[in-house]
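**Q** Supplied structure: start-v4.txt, compact mmCIF, C-alpha atoms.
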```
# COMPACT_ATOMS: atom_id res chain seq x y z
CA MET A 23 135.26 85.70 42.35
CA ASP A 24 134.17 84.01 45.57
CA LEU A 25 132.71 86.20 48.25
CA ILE A 26 134.28 85.29 51.58
CA HIS A 27 133.17 86.87 54.85
CA TRP A 28 135.97 89.04 56.12
CA SER A 29 137.09 87.86 59.51
CA GLY A 30 140.14 90.02 59.90
CA ASN A 31 142.43 87.04 60.11
CA LEU A 32 141.75 84.35 57.59
CA THR A 33 144.44 82.07 58.91
CA ASP A 34 142.97 81.75 62.41
CA PRO A 35 139.42 80.36 62.51
CA LEU A 36 139.23 80.72 66.31
CA ARG A 37 139.51 84.46 66.02
CA GLU A 38 135.70 84.67 65.75
CA PHE A 39 135.37 83.07 69.19
CA GLU A 40 137.66 85.66 70.69
CA THR A 41 135.46 88.49 69.53
CA LEU A 42 132.44 86.59 70.87
CA GLN A 43 134.14 86.29 74.23
CA ASP A 44 134.93 89.99 74.20
CA GLU A 45 131.30 90.80 73.60
CA ILE A 46 130.12 88.54 76.39
CA ASN A 47 132.64 90.11 78.76
CA ARG A 48 131.36 93.52 77.82
CA LEU A 49 127.81 92.41 78.57
CA PHE A 50 128.78 91.50 82.12
CA ASP A 51 130.65 94.76 82.60
CA THR A 52 127.63 96.94 81.92
CA THR A 53 125.63 97.82 84.99
CA ARG A 54 122.16 96.47 84.98
CA TRP A 55 120.52 99.66 86.16
CA PRO A 56 121.41 102.96 84.58
CA GLU A 57 123.18 105.21 87.02
CA SER A 58 121.46 108.33 85.84
CA ARG A 59 117.72 108.55 86.19
CA GLY A 60 117.35 111.07 83.43
CA LEU A 61 116.19 114.60 83.77
CA TYR A 62 114.36 114.10 87.04
CA ASP A 63 115.23 112.23 90.16
CA ARG A 64 112.89 109.29 89.83
CA ALA A 65 113.22 106.16 91.86
CA TYR A 66 110.05 104.62 90.52
CA SER A 67 106.97 105.40 88.48
CA PRO A 68 103.51 104.86 89.94
CA ALA A 69 100.79 103.46 87.68
CA VAL A 70 98.28 105.96 86.28
CA ASP A 71 94.89 105.62 84.61
CA VAL A 72 93.40 108.51 82.66
CA LEU A 73 89.72 108.61 81.81
CA GLU A 74 88.03 111.06 79.53
CA THR A 75 84.41 112.06 79.88
CA ALA A 76 82.48 114.70 77.98
CA ASP A 77 83.36 117.49 80.44
CA ALA A 78 86.52 116.41 82.19
CA TYR A 79 89.58 114.24 82.44
CA GLU A 80 90.10 112.04 85.45
CA ALA A 81 93.48 110.75 86.47
CA PHE A 82 93.89 107.90 88.96
CA CYS A 83 97.26 107.21 90.48
CA ASP A 84 98.19 104.36 92.82
CA LEU A 85 100.01 105.88 95.77
CA PRO A 86 99.63 103.44 98.65
CA GLY A 87 100.75 104.67 102.04
CA MET A 88 101.33 108.22 100.91
CA GLU A 89 100.07 111.33 102.60
CA ILE A 90 98.85 114.56 101.07
CA LYS A 91 101.91 116.43 102.30
CA ASP A 92 104.14 114.06 100.33
CA ILE A 93 102.39 114.79 97.05
CA ASP A 94 102.87 117.87 94.91
CA LEU A 95 100.42 118.55 92.07
CA SER A 96 100.71 121.24 89.45
CA VAL A 97 98.76 122.11 86.32
CA ALA A 98 99.91 124.25 83.42
CA ASP A 99 97.78 124.54 80.28
CA ASN A 100 96.97 120.93 79.58
CA VAL A 101 99.78 119.30 81.51
CA LEU A 102 99.39 117.75 84.95
CA THR A 103 102.47 116.93 86.98
CA ILE A 104 102.28 114.58 89.95
CA LYS A 105 105.42 114.69 92.03
CA GLY A 106 106.22 113.27 95.38
CA GLU A 107 108.27 111.19 97.62
CA LYS A 108 107.43 107.85 99.11
CA ARG A 109 109.16 107.56 102.40
CA LYS A 110 110.83 104.42 103.49
CA GLN A 111 109.11 102.73 106.36
CA GLU A 112 111.21 102.86 109.47
CA LYS A 113 113.04 99.64 109.88
CA LYS A 114 114.53 98.37 113.06
CA PRO A 115 118.06 97.15 112.58
CA GLU A 116 117.43 93.92 114.47
CA ALA A 117 114.45 92.94 112.36
CA SER A 118 115.04 90.14 109.94
CA VAL A 119 113.37 90.60 106.59
CA TYR A 120 111.77 87.63 104.85
CA MET A 121 110.56 89.42 101.74
CA GLU A 122 111.11 92.92 100.42
CA GLU A 123 109.29 94.19 97.36
CA LEU A 124 108.40 97.72 98.37
CA THR A 125 110.08 100.63 96.69
CA SER A 126 110.54 104.11 98.02
CA GLY A 127 111.96 107.38 96.83
CA ARG A 128 111.04 110.26 94.61
CA PHE A 129 108.76 109.97 91.64
CA GLN A 130 107.33 112.22 88.96
CA ARG A 131 104.63 111.67 86.37
CA THR A 132 103.77 114.23 83.74
CA LEU A 133 100.52 113.80 81.86
CA SER A 134 99.46 115.93 78.93
CA PHE A 135 95.82 116.01 77.95
CA PRO A 136 94.49 116.53 74.44
CA LEU A 137 92.58 119.69 75.41
CA ALA A 138 93.28 122.57 77.78
CA VAL A 139 91.91 122.21 81.30
CA GLU A 140 90.56 124.69 83.84
CA ALA A 141 93.50 124.92 86.20
CA ASP A 142 91.43 126.72 88.87
CA ARG A 143 88.83 124.02 89.05
CA VAL A 144 91.09 121.00 89.31
CA GLU A 145 90.18 118.80 92.24
CA ALA A 146 92.30 116.12 93.84
CA VAL A 147 91.27 113.52 96.40
CA LEU A 148 93.51 110.98 98.07
CA LYS A 149 91.58 107.98 99.34
CA ASP A 150 92.61 104.42 100.20
CA GLY A 151 96.00 104.98 98.63
CA VAL A 152 94.62 106.15 95.29
CA LEU A 153 94.92 109.73 94.13
CA ARG A 154 92.05 110.89 91.94
CA VAL A 155 92.45 114.16 90.06
CA THR A 156 89.50 115.65 88.19
CA LEU A 157 90.38 118.23 85.55
CA PRO A 158 87.43 119.97 83.89
CA LYS A 159 87.94 120.76 80.22
CA LYS A 160 88.05 124.41 79.23
CA GLU A 161 84.77 125.51 77.76
CA GLU A 162 86.34 127.13 74.73
CA ALA A 163 88.48 124.07 74.05
CA LYS A 164 85.55 121.67 73.90
CA PRO A 165 84.63 120.52 70.43
CA LYS A 166 81.43 122.12 69.20
CA GLN A 167 78.81 120.59 67.05
CA ILE A 168 77.99 122.66 64.01
CA SER A 169 74.73 121.89 62.40
CA VAL A 170 74.56 122.12 58.66
CA LYS A 171 71.33 123.47 57.33
CA ALA A 172 69.95 122.32 54.04
CA LYS A 173 68.70 125.07 51.80
CA MET B 27 85.25 89.86 76.71
CA ALA B 28 84.17 86.26 77.26
CA GLU B 29 82.40 84.41 74.48
CA ASN B 30 79.45 83.21 76.53
CA GLY B 31 78.35 86.69 77.46
CA THR B 32 79.32 86.59 81.12
CA GLU B 33 82.04 89.07 81.89
CA LYS B 34 84.96 87.48 83.68
CA ARG B 35 86.74 89.28 86.45
CA PRO B 36 90.39 89.83 85.65
CA ILE B 37 92.89 87.50 87.27
CA ALA B 38 93.82 88.51 90.79
CA VAL B 39 97.21 90.13 91.39
CA ARG B 40 99.51 89.30 94.26
CA PRO B 41 100.09 92.54 96.12
CA ARG B 42 103.63 93.75 96.52
CA GLY B 43 104.80 93.72 100.06
CA ARG B 44 107.30 93.25 102.75
CA VAL B 45 107.40 90.52 105.37
CA PHE B 46 109.68 90.92 108.32
CA GLU B 47 110.16 89.88 111.89
CA SER B 48 109.91 92.80 114.21
CA GLY B 49 111.78 92.51 117.44
CA GLN B 50 109.28 91.16 119.93
CA GLY B 51 108.49 87.74 118.48
CA ARG B 52 106.17 89.20 115.91
CA ILE B 53 105.95 88.81 112.14
CA GLN B 54 104.52 91.65 110.11
CA CYS B 55 103.25 91.49 106.54
CA VAL B 56 102.92 94.89 104.92
CA LEU B 57 101.03 94.68 101.64
CA GLU B 58 100.30 97.44 99.16
CA MET B 59 96.65 97.32 98.15
CA PRO B 60 95.75 100.71 96.69
CA GLY B 61 92.04 101.24 96.14
CA VAL B 62 90.89 98.55 98.56
CA ARG B 63 88.45 99.63 101.25
CA LYS B 64 88.08 97.94 104.61
CA GLU B 65 84.79 96.36 103.63
CA ASP B 66 86.32 94.89 100.46
CA LEU B 67 88.97 93.02 102.36
CA GLU B 68 88.72 89.41 103.47
CA ILE B 69 91.28 87.59 105.56
CA ARG B 70 90.74 83.99 106.57
CA VAL B 71 92.89 81.40 108.22
CA GLU B 72 92.17 77.81 107.37
CA ASN B 73 94.31 74.67 107.46
CA ASN B 74 97.41 76.64 108.45
CA GLU B 75 96.99 78.95 105.51
CA MET B 76 96.20 82.62 105.65
CA ARG B 77 94.35 83.88 102.59
CA ILE B 78 94.00 87.58 101.93
CA VAL B 79 91.66 88.87 99.24
CA GLY B 80 91.14 92.58 98.57
CA ARG B 81 88.47 93.42 96.04
CA ARG B 82 89.10 96.53 94.07
CA ALA B 83 86.34 98.50 92.45
CA ASP B 84 87.35 99.49 88.95
CA ALA B 85 88.33 103.13 88.50
CA GLY B 86 85.44 103.18 86.20
CA ALA B 87 85.00 103.56 82.47
CA SER B 88 82.56 100.69 82.74
CA GLY B 89 79.03 101.82 83.54
CA ARG B 90 79.75 105.47 82.83
CA ALA B 91 78.28 106.84 79.68
CA GLY B 92 80.80 108.43 77.36
CA ALA B 93 83.83 107.67 79.51
CA ARG B 94 86.87 106.15 77.85
CA TYR B 95 90.42 105.38 78.85
CA LEU B 96 93.21 107.50 77.45
CA LEU B 97 95.79 105.68 79.53
CA ARG B 98 95.47 102.48 81.45
CA GLU B 99 98.41 101.28 83.51
CA ARG B 100 96.79 100.22 86.76
CA ARG B 101 95.93 96.57 87.10
CA ALA B 102 92.17 96.10 87.28
CA GLY B 103 92.17 92.78 89.10
CA ASP B 104 91.62 92.04 92.76
CA PHE B 105 94.50 91.48 95.11
CA ALA B 106 95.06 88.00 96.48
CA ALA B 107 97.82 86.54 98.62
CA ALA B 108 98.20 83.31 100.55
CA TYR B 109 100.74 82.49 103.22
CA THR B 110 101.39 79.18 104.90
CA LEU B 111 101.63 79.54 108.65
CA ASP B 112 103.87 77.16 110.48
CA GLU B 113 103.34 75.86 114.00
CA THR B 114 105.22 78.74 115.61
CA VAL B 115 102.49 81.26 114.75
CA ASP B 116 99.69 81.77 117.25
CA GLN B 117 96.71 81.63 114.92
CA GLY B 118 94.36 83.02 117.52
CA ARG B 119 96.25 86.31 117.69
CA ILE B 120 96.37 87.63 114.18
CA ASP B 121 95.75 91.32 113.81
CA ALA B 122 95.12 93.29 110.63
CA ALA B 123 94.93 97.01 109.92
CA LEU B 124 94.21 98.73 106.63
CA GLU B 125 95.28 102.32 106.23
CA LYS B 126 95.86 104.43 103.12
CA GLY B 127 95.83 101.38 100.88
CA ILE B 128 98.37 99.53 102.97
CA LEU B 129 97.42 96.38 104.81
CA THR B 130 99.47 95.43 107.83
CA VAL B 131 98.94 91.93 109.18
CA THR B 132 100.63 91.18 112.48
CA LEU B 133 101.26 87.58 113.42
CA GLU B 134 102.23 86.81 116.98
CA LEU B 135 104.57 83.92 117.61
CA LYS B 136 103.54 81.40 120.26
CA GLU B 137 104.87 82.22 123.70
CA ALA B 138 106.89 78.99 123.75
CA VAL B 139 108.94 79.93 120.69
CA LYS B 140 109.40 83.62 121.45
CA PRO B 141 113.00 84.48 122.03
CA ARG B 142 113.70 85.36 125.60
CA SER B 143 116.79 86.47 127.30
CA ILE B 144 117.77 84.89 130.58
CA LYS B 145 119.36 87.04 133.18
CA VAL B 146 122.38 85.63 134.85
CA ARG B 147 122.48 86.23 138.54
CA ALA B 148 125.69 86.89 140.32
CA GLU B 149 126.19 84.50 143.19
```
Step by step, read the file and then write its structure as structure tokens.
**A**
Amino acid sequence: MDLIHWSGNLTDPLREFETLQDEINRLFDTTRWPESRGLYDRAYSPAVDVLETADAYEAFCDLPGMEIKDIDLSVADNVLTIKGEKRKQEKKPEASVYMEELTSGRFQRTLSFPLAVEADRVEAVLKDGVLRVTLPKKEEAKPKQISVKAK
Amino acid sequence: MAENGTEKRPIAVRPRGRVFESGQGRIQCVLEMPGVRKEDLEIRVENNEMRIVGRRADAGASGRAGARYLLRERRAGDFAAAYTLDETVDQGRIDAALEKGILTVTLELKEAVKPRSIKVRAE
């Protein structure tokens, strides 16, 4: 028996093109940006670096133009949440814009660290548009070296 | 990183920004340059071209004993942008301000090309 690909209608070879056209139409119907932003209201996601040293974690977050009052930091166990809102710069209606690449709106980043951190000793500094958060590791969470004695 | 032992600086990134004409015959370039200090910024105008370079010190695993990256999303390179200025811009009156990682360059248009409104007198 010959194996023939089932096309639904063997008498009409152009049928395949119709389904192709349907699929292309569907592609254009879908919106490019999802309408829901998920669980949180996020307009954009700022870039974050996380560094680990022996005693602490350091998080760096690019937040150009933002002020301390626009940023909300919280720490629970080993999770740091950076939330905030980047305000739109006031724009005069008569101004003509040549180029627009800046984004604004709410953002949220949640970072979980491998070890628990001392929530009371977390320090945050905002300088030159970069937020730097230092989170000391909890003493009891630090890995300990156990020396093996030979008998 | 490089084979010959000299460490190359990463390729410069064009900062994201916004260029617009603000009402009074003025063009403003607002550029996001997080991590750039005033002393790391260089703006020069030459042959009708304005070049902006902002050097960014690395956040710093390099040179710190025992430090390693768990997450690295920020671009390490310097910021660089170049704009061609046409003859309507008064090159002697370019002003720049850097605040909170945002550079604002203000270009004044020449008096001759500034829009002006002419009042009509009633006779």
**Q** Using only C-alpha atoms, find the one residue out of B:Arg82, B:Cys55, B:Gly127, B:Ile37 that sits nearest to Leu153 of chain A.
**A** B:Gly127
**Q** Quick one: of B:Gln50, B:Glu58, B:Ile69, B:Lys126, who's nearest to Lys149 of chain A, counting all atoms listed in the file?
**A**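 Checking each of B:Gln50, B:Glu58, B:Ile69, B:Lys126 against Lys149 of chain A, counting all atoms listed in the file, the winner is B:Lys126.
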**Q** Set the distance at 12 Å and use all atoms listed in the file: which residues neighbour segment 110-123 of chain B once local chain neighbours fewer than 3 positions away are removed? I'd like the list as a PyMOL selection string.
**A** chain B and resi 47+51-57+59+63-65+67-78+107+126-141
**Q** Give me the residues near Ala106 of chain B as a list in words, where near means some atom within 8 Å (using all atoms listed in the file) and where sequence neighbours in that chain fewer than 2 positions away do not count.
**A**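 Near neighbours after the sequence-gap exclusion: Ala38, Val39, Arg40, Pro41, Arg77, Ile78, Val79, Gly80, Asp104 and Ala108 of chain B.
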**Q** What are the residues of chain B lining chain A at 7 Å or less? Count all atoms listed in the file, and put the answer as a list of chain:residue names.
**A**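 My answer is B:Arg42, B:Gly43, B:Arg44, B:Val45, B:Phe46, B:Glu47, B:Ser48, B:Gly49, B:Glu58, B:Met59, B:Pro60, B:Gly61, B:Val62, B:Arg63, B:Ala87, B:Gly92, B:Ala93, B:Arg94, B:Tyr95, B:Leu96, B:Leu97, B:Arg98, B:Glu99, B:Arg100, B:Glu125, B:Lys126, B:Gly127, B:Ile128.
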